[in-house]
Amino acid sequence: MEHKPTYSEINEDVLNLMTKTGPGYYVVLGIAASLAGLLFFLPWGYQIYTGQGVTGLNVPVLWGVYLVNFVFWVGIAHAGTLISAMLFITNTPWRRAIARGAETMTLFSLLLVTLYIFTHMGRPWNAYWTMPYPNQREIWTNFLSPIMFDVFAIGTYTTSSALFLYFGMIPDLASLKHRTTGWRKQLYTLLSVGWSGTDSEWRWHGKATMFFSSFIMPLVVSVHSIVSWDFALSLVPGYSQTIFAPYFVTGALLSGFAGVILMFTILRWAYPFVTKYITDHHYDRVGIFMLVLSLMWSYFTGIEIFTGMYANTSFEIESLKYKILSPPYFPLFFVMIFCNTIVPLTLICKKARTSKPVMLVICLFVLVGMWLERYLIVPNALSRKFLPWMWHDYFPSWVEISITAGAFMFFISLFMVSIKIFPVISIFEVKEDVGIPLLEKKEH
Amino acid sequence: MNQAVFGHFTYADVMIDAAGKLRDSGYDVTIFSPVPLVHEIEHSFGEKRNYIKYFTAVGALGGFFFGITLAFSTAALYVLPRSGREIFAIPPTLLISYETAILGGVLFTFAGFMLLSRLPSFKKRTWLSEIDGDSFGLLVEDDSGTRLAAIERTLKEYGASEVRRVEED
């Protein structure tokens, strides 16, 4: 940190971010929320009212853009967990300033994941059927199905992420309750559960954080592995790949880090004092992570193609030809490679990693590339199953495209509202970053 | 209500030294801080036993067995042969129980934290708002209320920027 702010300055900065709101904020929020309603909720309502026929889904392609988005948003969620849990365990100091924002991103991404499961369902009001509960038909959920693995994995991930986010926020909420009035004071008093910052409270908070992190970290790997098994445990050419679990996890982290950088770059631009906390160093570190993840992702993409080629069965070759060489997908495939392999190579250069506009552009490319990767897997494989009479080209309908775009707007709206209610930068962790004031200037 | 003295400190190390001195003299001391001072306090006062791990272990084990029981018992309640697959299949059950173990571990860790930290707490500490900026606080309780002056002196000797008498629940 170039300029070291005082503890009071940190309190004031975070509070200003939450309470000082210009007209620009309301304009952007108004546009985002309106578009979310118009593009996401209205078409979804129309789809529920009319039926799944308004989508491009048809036999045999019954998994389309909704599940592409489902996988994409699970991926976005992953970086938050990695930053908050894994980097905590490895005692990586630069995580402190960005962890809270990344965790918030995780929670809202998981909210969208849940919504996409509902949009994918023909009858979302029957969602409770996925829960094992006693019923008059005496029929239970099938625990051999990867879909059930998903219910448990996503359920655990969402619950744990929400709890971890709240748990980490308790000291900050207690700090904020002394500085606010009105509804904010009441809310923070209630949520801070009487935290007063005693040595005993901090001690248990620290110990519990370690256990929380140790338990949440395996979720980074397990959740997206399980999501990948939704596909890999089937026999469909293009889905049945043993490489899928690490491939999906790597891609998830790559897109997640891109999401984190995108979010903080916009935050820095909107609130210039955030630059005190989110510095070049953060960009540099995350840039290195992204470079490594991009290289790993490229390797796995190669392996996915080569194992299909080495299998040399007619249906695998057909699936690959359809994905890589047939219009309209072959341009998308090369755009994906350009976005996820070629563009991130610029991160080799430190100047690129610490340049905000360059990082912003790279992250946008990566997000587009990672969305395309999921698109080229989910509906694509189902379009070329074993026998030619099962072949069917899939194109998303306007409803699916609209719901996809609307989700981004909904995410932006949620995030914008959340940064005004809850601290997006962890107050106590940034204070730790600054250092503890000591009379004898010994090493802390 | 106990009689107590509350001292403000600018520096954490000085406060910890004062806390050590008063603790050795037999007073009940509580350190208030805007940041965790766990390592510094443990360095001076010694490490205490970590009870959270028991909560975590019970939660994780409970979750693990809950997952296994759920998958196996529902399979037993409705026996559905699925293309020659086992009714009681181990690998998928382990996946479910892995997730429930994590969920149990996380929920019990949180419960353990709340219980051990004695939260939610309804103590009215209005004086606390003053320490949450740049300073640290030390609360020294004296049940008898007869040694408050001596405590005040010690706190001032150690460089407390402000000392005041308060009442603690």
# chains A, B, ... in the order shown; residues from 1 in each chain; ligands from 1
$ select_by_dssp --residues "range 81-161 of chain B" --states "helix (DSSP H, G or I)" --output "ChimeraX atom specification"
/B:90-116,126-132,148-157
$ write_last_selection --atoms "N, CA and C atoms" --output "compact mmCIF listing (two decimals), in the first residue's frame"
# COMPACT_ATOMS: atom_id res chain seq x y z
N ILE B 90 -22.02 -47.02 -3.38
CA ILE B 90 -21.10 -46.29 -2.48
C ILE B 90 -20.62 -44.96 -3.08
N PRO B 91 -20.07 -44.94 -4.31
CA PRO B 91 -19.47 -43.67 -4.79
C PRO B 91 -20.42 -42.47 -4.79
N PRO B 92 -21.64 -42.60 -5.33
CA PRO B 92 -22.51 -41.42 -5.28
C PRO B 92 -22.91 -41.04 -3.86
N THR B 93 -23.04 -42.04 -3.00
CA THR B 93 -23.39 -41.75 -1.60
C THR B 93 -22.27 -40.97 -0.93
N LEU B 94 -21.03 -41.33 -1.26
CA LEU B 94 -19.89 -40.61 -0.68
C LEU B 94 -19.88 -39.14 -1.13
N LEU B 95 -20.29 -38.94 -2.38
CA LEU B 95 -20.35 -37.56 -2.88
C LEU B 95 -21.36 -36.73 -2.09
N ILE B 96 -22.52 -37.32 -1.86
CA ILE B 96 -23.58 -36.62 -1.11
C ILE B 96 -23.08 -36.36 0.32
N SER B 97 -22.49 -37.40 0.92
CA SER B 97 -22.07 -37.26 2.33
C SER B 97 -20.88 -36.29 2.46
N TYR B 98 -20.08 -36.19 1.40
CA TYR B 98 -18.97 -35.21 1.40
C TYR B 98 -19.53 -33.80 1.51
N GLU B 99 -20.55 -33.53 0.72
CA GLU B 99 -21.16 -32.20 0.75
C GLU B 99 -21.86 -31.94 2.08
N THR B 100 -22.57 -32.95 2.59
CA THR B 100 -23.27 -32.74 3.87
C THR B 100 -22.27 -32.61 5.02
N ALA B 101 -21.11 -33.27 4.89
CA ALA B 101 -20.07 -33.14 5.92
C ALA B 101 -19.56 -31.69 5.96
N ILE B 102 -19.35 -31.12 4.79
CA ILE B 102 -18.89 -29.72 4.72
C ILE B 102 -19.95 -28.80 5.31
N LEU B 103 -21.20 -29.06 4.92
CA LEU B 103 -22.29 -28.21 5.42
C LEU B 103 -22.39 -28.30 6.94
N GLY B 104 -22.32 -29.52 7.45
CA GLY B 104 -22.38 -29.72 8.91
C GLY B 104 -21.21 -29.04 9.60
N GLY B 105 -20.02 -29.19 9.04
CA GLY B 105 -18.82 -28.57 9.62
C GLY B 105 -18.95 -27.06 9.67
N VAL B 106 -19.43 -26.48 8.60
CA VAL B 106 -19.56 -25.01 8.52
C VAL B 106 -20.61 -24.52 9.53
N LEU B 107 -21.76 -25.19 9.56
CA LEU B 107 -22.84 -24.74 10.45
C LEU B 107 -22.42 -24.87 11.91
N PHE B 108 -21.77 -25.95 12.26
CA PHE B 108 -21.36 -26.16 13.65
C PHE B 108 -20.20 -25.24 14.04
N THR B 109 -19.33 -24.93 13.07
CA THR B 109 -18.25 -23.98 13.36
C THR B 109 -18.84 -22.63 13.73
N PHE B 110 -19.85 -22.23 12.97
CA PHE B 110 -20.50 -20.95 13.25
C PHE B 110 -21.19 -20.99 14.62
N ALA B 111 -21.88 -22.11 14.88
CA ALA B 111 -22.56 -22.24 16.17
C ALA B 111 -21.53 -22.21 17.30
N GLY B 112 -20.41 -22.88 17.11
CA GLY B 112 -19.34 -22.91 18.11
C GLY B 112 -18.78 -21.52 18.37
N PHE B 113 -18.59 -20.78 17.29
CA PHE B 113 -18.08 -19.40 17.41
C PHE B 113 -19.05 -18.56 18.24
N MET B 114 -20.32 -18.66 17.93
CA MET B 114 -21.33 -17.86 18.64
C MET B 114 -21.37 -18.23 20.12
N LEU B 115 -21.31 -19.51 20.38
CA LEU B 115 -21.41 -20.00 21.76
C LEU B 115 -20.18 -19.59 22.57
N LEU B 116 -19.00 -19.83 22.00
CA LEU B 116 -17.76 -19.54 22.74
C LEU B 116 -17.53 -18.04 22.90
N THR B 126 -21.92 1.65 26.05
CA THR B 126 -21.99 2.88 25.25
C THR B 126 -20.61 3.51 25.07
N TRP B 127 -19.73 3.29 26.06
CA TRP B 127 -18.38 3.86 26.01
C TRP B 127 -17.53 3.22 24.92
N LEU B 128 -18.01 2.11 24.37
CA LEU B 128 -17.20 1.40 23.37
C LEU B 128 -17.02 2.18 22.07
N SER B 129 -18.02 3.01 21.76
CA SER B 129 -17.98 3.72 20.47
C SER B 129 -16.72 4.58 20.35
N GLU B 130 -16.17 4.97 21.52
CA GLU B 130 -15.02 5.87 21.49
C GLU B 130 -13.72 5.18 21.06
N ILE B 131 -13.64 3.89 21.26
CA ILE B 131 -12.36 3.23 20.94
C ILE B 131 -12.30 2.71 19.51
N ASP B 132 -13.37 2.87 18.77
CA ASP B 132 -13.39 2.18 17.50
C ASP B 132 -12.71 2.94 16.36
N LEU B 148 -10.17 0.70 42.63
CA LEU B 148 -10.31 1.41 41.35
C LEU B 148 -9.23 2.48 41.17
N ALA B 149 -8.90 3.16 42.24
CA ALA B 149 -7.88 4.21 42.15
C ALA B 149 -6.52 3.63 41.77
N ALA B 150 -6.21 2.46 42.34
CA ALA B 150 -4.93 1.80 42.03
C ALA B 150 -4.89 1.38 40.56
N ILE B 151 -6.01 0.90 40.08
CA ILE B 151 -6.09 0.49 38.66
C ILE B 151 -5.87 1.71 37.76
N GLU B 152 -6.54 2.80 38.12
CA GLU B 152 -6.41 4.03 37.33
C GLU B 152 -4.95 4.47 37.26
N ARG B 153 -4.29 4.39 38.41
CA ARG B 153 -2.87 4.79 38.47
C ARG B 153 -2.02 3.94 37.53
N THR B 154 -2.26 2.62 37.60
CA THR B 154 -1.47 1.70 36.76
C THR B 154 -1.69 2.00 35.27
N LEU B 155 -2.95 2.20 34.93
CA LEU B 155 -3.25 2.48 33.52
C LEU B 155 -2.55 3.75 33.05
N LYS B 156 -2.56 4.78 33.91
CA LYS B 156 -1.91 6.04 33.55
C LYS B 156 -0.40 5.88 33.45
N GLU B 157 0.14 5.06 34.37
CA GLU B 157 1.59 4.79 34.33
C GLU B 157 1.99 4.18 32.99
$ residues_around --residues "Glu400 in chain A" --least-positions-apart "5" --cutoff "9 Å" --atoms "only C-alpha atoms" --output "ChimeraX atom specification"
/A:43-44,54-56,64-66,405
$ write_last_selection --atoms "all heavy atoms" --output "PDB file, in the first residue's frame"
ATOM      1  N   PRO A  43     -39.598 -11.816 -19.617  1.00  0.00           N
ATOM      2  CA  PRO A  43     -39.556 -12.996 -20.477  1.00  0.00           C
ATOM      3  C   PRO A  43     -39.709 -14.307 -19.707  1.00  0.00           C
ATOM      4  O   PRO A  43     -40.316 -15.260 -20.196  1.00  0.00           O
ATOM      5  CB  PRO A  43     -38.174 -12.914 -21.136  1.00  0.00           C
ATOM      6  CG  PRO A  43     -37.794 -11.502 -21.045  1.00  0.00           C
ATOM      7  CD  PRO A  43     -38.404 -10.990 -19.781  1.00  0.00           C
ATOM      8  N   TRP A  44     -39.191 -14.325 -18.488  1.00  0.00           N
ATOM      9  CA  TRP A  44     -39.337 -15.550 -17.689  1.00  0.00           C
ATOM     10  C   TRP A  44     -40.816 -15.782 -17.344  1.00  0.00           C
ATOM     11  O   TRP A  44     -41.321 -16.901 -17.422  1.00  0.00           O
ATOM     12  CB  TRP A  44     -38.462 -15.454 -16.437  1.00  0.00           C
ATOM     13  CG  TRP A  44     -38.426 -16.737 -15.646  1.00  0.00           C
ATOM     14  CD1 TRP A  44     -38.719 -17.993 -16.105  1.00  0.00           C
ATOM     15  CD2 TRP A  44     -38.102 -16.889 -14.267  1.00  0.00           C
ATOM     16  NE1 TRP A  44     -38.576 -18.920 -15.096  1.00  0.00           N
ATOM     17  CE2 TRP A  44     -38.208 -18.256 -13.951  1.00  0.00           C
ATOM     18  CE3 TRP A  44     -37.726 -16.004 -13.264  1.00  0.00           C
ATOM     19  CZ2 TRP A  44     -37.945 -18.758 -12.677  1.00  0.00           C
ATOM     20  CZ3 TRP A  44     -37.453 -16.505 -11.990  1.00  0.00           C
ATOM     21  CH2 TRP A  44     -37.562 -17.874 -11.701  1.00  0.00           C
ATOM     22  N   VAL A  54     -41.408 -21.692 -25.902  1.00  0.00           N
ATOM     23  CA  VAL A  54     -40.897 -20.386 -26.357  1.00  0.00           C
ATOM     24  C   VAL A  54     -39.363 -20.364 -26.384  1.00  0.00           C
ATOM     25  O   VAL A  54     -38.761 -19.396 -26.839  1.00  0.00           O
ATOM     26  CB  VAL A  54     -41.406 -19.216 -25.477  1.00  0.00           C
ATOM     27  CG1 VAL A  54     -42.910 -19.107 -25.552  1.00  0.00           C
ATOM     28  CG2 VAL A  54     -40.934 -19.374 -24.035  1.00  0.00           C
ATOM     29  N   THR A  55     -38.748 -21.415 -25.887  1.00  0.00           N
ATOM     30  CA  THR A  55     -37.282 -21.500 -25.948  1.00  0.00           C
ATOM     31  C   THR A  55     -36.881 -22.273 -27.205  1.00  0.00           C
ATOM     32  O   THR A  55     -37.740 -22.844 -27.893  1.00  0.00           O
ATOM     33  CB  THR A  55     -36.707 -22.231 -24.712  1.00  0.00           C
ATOM     34  OG1 THR A  55     -37.144 -23.586 -24.770  1.00  0.00           O
ATOM     35  CG2 THR A  55     -37.175 -21.608 -23.411  1.00  0.00           C
ATOM     36  N   GLY A  56     -35.578 -22.320 -27.447  1.00  0.00           N
ATOM     37  CA  GLY A  56     -35.095 -23.092 -28.599  1.00  0.00           C
ATOM     38  C   GLY A  56     -34.892 -24.566 -28.258  1.00  0.00           C
ATOM     39  O   GLY A  56     -34.397 -25.336 -29.075  1.00  0.00           O
ATOM     40  N   GLY A  64     -29.906 -26.145 -22.902  1.00  0.00           N
ATOM     41  CA  GLY A  64     -29.482 -25.032 -23.750  1.00  0.00           C
ATOM     42  C   GLY A  64     -28.785 -23.941 -22.977  1.00  0.00           C
ATOM     43  O   GLY A  64     -28.020 -24.191 -22.038  1.00  0.00           O
ATOM     44  N   VAL A  65     -29.109 -22.711 -23.367  1.00  0.00           N
ATOM     45  CA  VAL A  65     -28.412 -21.543 -22.838  1.00  0.00           C
ATOM     46  C   VAL A  65     -28.598 -21.389 -21.322  1.00  0.00           C
ATOM     47  O   VAL A  65     -27.706 -20.905 -20.630  1.00  0.00           O
ATOM     48  CB  VAL A  65     -28.890 -20.291 -23.608  1.00  0.00           C
ATOM     49  CG1 VAL A  65     -28.621 -19.023 -22.835  1.00  0.00           C
ATOM     50  CG2 VAL A  65     -28.182 -20.220 -24.946  1.00  0.00           C
ATOM     51  N   TYR A  66     -29.743 -21.821 -20.802  1.00  0.00           N
ATOM     52  CA  TYR A  66     -29.956 -21.673 -19.359  1.00  0.00           C
ATOM     53  C   TYR A  66     -28.887 -22.440 -18.578  1.00  0.00           C
ATOM     54  O   TYR A  66     -28.390 -21.961 -17.565  1.00  0.00           O
ATOM     55  CB  TYR A  66     -31.343 -22.178 -18.948  1.00  0.00           C
ATOM     56  CG  TYR A  66     -32.479 -21.365 -19.521  1.00  0.00           C
ATOM     57  CD1 TYR A  66     -33.687 -21.950 -19.855  1.00  0.00           C
ATOM     58  CD2 TYR A  66     -32.327 -19.996 -19.722  1.00  0.00           C
ATOM     59  CE1 TYR A  66     -34.727 -21.200 -20.376  1.00  0.00           C
ATOM     60  CE2 TYR A  66     -33.353 -19.240 -20.252  1.00  0.00           C
ATOM     61  CZ  TYR A  66     -34.555 -19.850 -20.584  1.00  0.00           C
ATOM     62  OH  TYR A  66     -35.562 -19.100 -21.106  1.00  0.00           O
ATOM     63  N   ALA A 405     -29.098 -11.921 -21.019  1.00  0.00           N
ATOM     64  CA  ALA A 405     -28.648 -10.531 -20.873  1.00  0.00           C
ATOM     65  C   ALA A 405     -29.209  -9.918 -19.592  1.00  0.00           C
ATOM     66  O   ALA A 405     -28.512  -9.192 -18.876  1.00  0.00           O
ATOM     67  CB  ALA A 405     -29.090  -9.718 -22.087  1.00  0.00           C
TER      68      ALA A 405
END
$ closest_atom_pairs --of "chain A" --to "chain B" --cutoff "7 Å" --atoms "only C-alpha atoms" --output "JSON lines"
{"residue": "A:Tyr7", "atom": "CA", "partner": "B:Asp134", "partner_atom": "CA", "distance": 5.2}
{"residue": "A:Ser8", "atom": "CA", "partner": "B:Gly133", "partner_atom": "CA", "distance": 4.9}
{"residue": "A:Glu138", "atom": "CA", "partner": "B:Tyr78", "partner_atom": "CA", "distance": 6.7}
{"residue": "A:Ile139", "atom": "CA", "partner": "B:Tyr78", "partner_atom": "CA", "distance": 6.0}
{"residue": "A:Trp140", "atom": "CA", "partner": "B:Thr74", "partner_atom": "CA", "distance": 6.0}
{"residue": "A:Phe143", "atom": "CA", "partner": "B:Ala71", "partner_atom": "CA", "distance": 6.1}
{"residue": "A:Leu144", "atom": "CA", "partner": "B:Pro92", "partner_atom": "CA", "distance": 5.7}
{"residue": "A:Phe149", "atom": "CA", "partner": "B:Ile96", "partner_atom": "CA", "distance": 6.2}
{"residue": "A:Phe152", "atom": "CA", "partner": "B:Glu99", "partner_atom": "CA", "distance": 6.3}
{"residue": "A:Ala153", "atom": "CA", "partner": "B:Glu99", "partner_atom": "CA", "distance": 5.9}
{"residue": "A:Thr156", "atom": "CA", "partner": "B:Leu103", "partner_atom": "CA", "distance": 5.5}
{"residue": "A:Ser160", "atom": "CA", "partner": "B:Val106", "partner_atom": "CA", "distance": 6.4}
{"residue": "A:Ser175", "atom": "CA", "partner": "B:Asp132", "partner_atom": "CA", "distance": 6.5}
{"residue": "A:His178", "atom": "CA", "partner": "B:Ser129", "partner_atom": "CA", "distance": 5.5}
{"residue": "A:Val193", "atom": "CA", "partner": "B:Pro120", "partner_atom": "CA", "distance": 4.5}
{"residue": "A:Gly194", "atom": "CA", "partner": "B:Ser121", "partner_atom": "CA", "distance": 4.5}
{"residue": "A:Trp195", "atom": "CA", "partner": "B:Ser121", "partner_atom": "CA", "distance": 7.0}
{"residue": "A:Gly197", "atom": "CA", "partner": "B:Phe32", "partner_atom": "CA", "distance": 5.3}
{"residue": "A:Thr198", "atom": "CA", "partner": "B:Phe32", "partner_atom": "CA", "distance": 4.5}
{"residue": "A:Asp199", "atom": "CA", "partner": "B:Ile31", "partner_atom": "CA", "distance": 5.3}
{"residue": "A:Ser200", "atom": "CA", "partner": "B:Ser117", "partner_atom": "CA", "distance": 6.4}
{"residue": "A:Glu201", "atom": "CA", "partner": "B:Ser117", "partner_atom": "CA", "distance": 5.0}
{"residue": "A:Trp202", "atom": "CA", "partner": "B:Pro36", "partner_atom": "CA", "distance": 5.5}
{"residue": "A:Arg203", "atom": "CA", "partner": "B:Val38", "partner_atom": "CA", "distance": 5.7}
{"residue": "A:Trp204", "atom": "CA", "partner": "B:Phe113", "partner_atom": "CA", "distance": 5.8}
{"residue": "A:His205", "atom": "CA", "partner": "B:Phe113", "partner_atom": "CA", "distance": 6.6}
{"residue": "A:Lys207", "atom": "CA", "partner": "B:Ile52", "partner_atom": "CA", "distance": 6.9}
{"residue": "A:Ala208", "atom": "CA", "partner": "B:Thr109", "partner_atom": "CA", "distance": 6.2}
{"residue": "A:Phe212", "atom": "CA", "partner": "B:Val106", "partner_atom": "CA", "distance": 5.9}
{"residue": "A:Phe215", "atom": "CA", "partner": "B:Ile102", "partner_atom": "CA", "distance": 5.8}
{"residue": "A:Phe428", "atom": "CA", "partner": "B:Val35", "partner_atom": "CA", "distance": 5.5}
{"residue": "A:Lys431", "atom": "CA", "partner": "B:Val35", "partner_atom": "CA", "distance": 6.7}
{"residue": "A:Glu432", "atom": "CA", "partner": "B:Val35", "partner_atom": "CA", "distance": 6.4}
{"residue": "A:Ile436", "atom": "CA", "partner": "B:Ala12", "partner_atom": "CA", "distance": 6.9}
{"residue": "A:Pro437", "atom": "CA", "partner": "B:Tyr11", "partner_atom": "CA", "distance": 5.2}
{"residue": "A:Leu438", "atom": "CA", "partner": "B:Tyr11", "partner_atom": "CA", "distance": 4.8}
{"residue": "A:Leu439", "atom": "CA", "partner": "B:Tyr11", "partner_atom": "CA", "distance": 5.7}
$ closest_residue --among "A:Ile317, A:Ala127, A:Leu191, A:Ile98" --to "Leu176 in chain A" --atoms "only C-alpha atoms"
A:Leu191
$ residues_around --residues "range 295-302 of chain A" --least-positions-apart "4" --cutoff "7 Å" --atoms "only C-alpha atoms" --output "number ranges by chain"
A: 247, 250-251, 291, 306, 341
$ select_by_dssp --residues "chain B" --states "strand (DSSP E or B)" --output "VMD selection string"
chain B and resid 2 to 9 28 to 32 136 to 142 162 to 168
$ write_last_selection --atoms "C-alpha atoms" --output "PDB file, in the first residue's frame"
ATOM      1  CA  ASN B   2     -19.474  -4.480  38.478  1.00  0.00           C
ATOM      2  CA  GLN B   3     -17.282  -1.483  39.017  1.00  0.00           C
ATOM      3  CA  ALA B   4     -14.628  -1.219  36.347  1.00  0.00           C
ATOM      4  CA  VAL B   5     -12.021   1.114  34.917  1.00  0.00           C
ATOM      5  CA  PHE B   6     -11.681   1.639  31.214  1.00  0.00           C
ATOM      6  CA  GLY B   7      -8.471   2.960  29.696  1.00  0.00           C
ATOM      7  CA  HIS B   8      -7.855   4.199  26.160  1.00  0.00           C
ATOM      8  CA  PHE B   9      -4.513   3.411  24.541  1.00  0.00           C
ATOM      9  CA  ASP B  28     -10.086  -9.510  35.450  1.00  0.00           C
ATOM     10  CA  VAL B  29      -9.043  -7.709  32.248  1.00  0.00           C
ATOM     11  CA  THR B  30     -10.708  -7.476  28.863  1.00  0.00           C
ATOM     12  CA  ILE B  31      -8.947  -6.062  25.832  1.00  0.00           C
ATOM     13  CA  PHE B  32     -10.972  -4.188  23.213  1.00  0.00           C
ATOM     14  CA  PHE B 136      -7.431   0.390  21.845  1.00  0.00           C
ATOM     15  CA  GLY B 137      -9.235  -0.140  25.120  1.00  0.00           C
ATOM     16  CA  LEU B 138      -8.596  -2.025  28.323  1.00  0.00           C
ATOM     17  CA  LEU B 139     -11.382  -2.812  30.766  1.00  0.00           C
ATOM     18  CA  VAL B 140     -10.291  -3.794  34.265  1.00  0.00           C
ATOM     19  CA  GLU B 141     -12.988  -5.039  36.588  1.00  0.00           C
ATOM     20  CA  ASP B 142     -12.889  -4.765  40.326  1.00  0.00           C
ATOM     21  CA  GLU B 162      -7.763   8.531  28.881  1.00  0.00           C
ATOM     22  CA  VAL B 163      -9.004   6.661  31.953  1.00  0.00           C
ATOM     23  CA  ARG B 164     -12.577   6.562  33.213  1.00  0.00           C
ATOM     24  CA  ARG B 165     -14.760   4.593  35.592  1.00  0.00           C
ATOM     25  CA  VAL B 166     -17.557   2.573  34.043  1.00  0.00           C
ATOM     26  CA  GLU B 167     -20.085  -0.053  35.057  1.00  0.00           C
ATOM     27  CA  GLU B 168     -20.005  -3.473  33.462  1.00  0.00           C
TER      28      GLU B 168
END
$ residues_around --residues "Thr242 in chain A" --least-positions-apart "2" --cutoff "7 Å" --atoms "only C-alpha atoms" --output "number ranges by chain"
A: 232, 240, 244
$ write_last_selection --atoms "C-alpha atoms" --output "mmCIF file, in the first residue's frame"
data_model
loop_
_atom_site.group_PDB
_atom_site.id
_atom_site.type_symbol
_atom_site.label_atom_id
_atom_site.label_comp_id
_atom_site.auth_asym_id
_atom_site.auth_seq_id
_atom_site.Cartn_x
_atom_site.Cartn_y
_atom_site.Cartn_z
ATOM 1 C CA ALA A 232 -19.198 -36.146 -17.928
ATOM 2 C CA SER A 240 -18.208 -38.024 -21.607
ATOM 3 C CA PHE A 244 -13.982 -32.302 -17.367
#
$ residues_around --residues "Gly37 in chain A" --least-positions-apart "6" --cutoff "9 Å" --atoms "only C-alpha atoms" --output "list in words"
Pro43, Gly406, Met409 and Phe410 of chain A
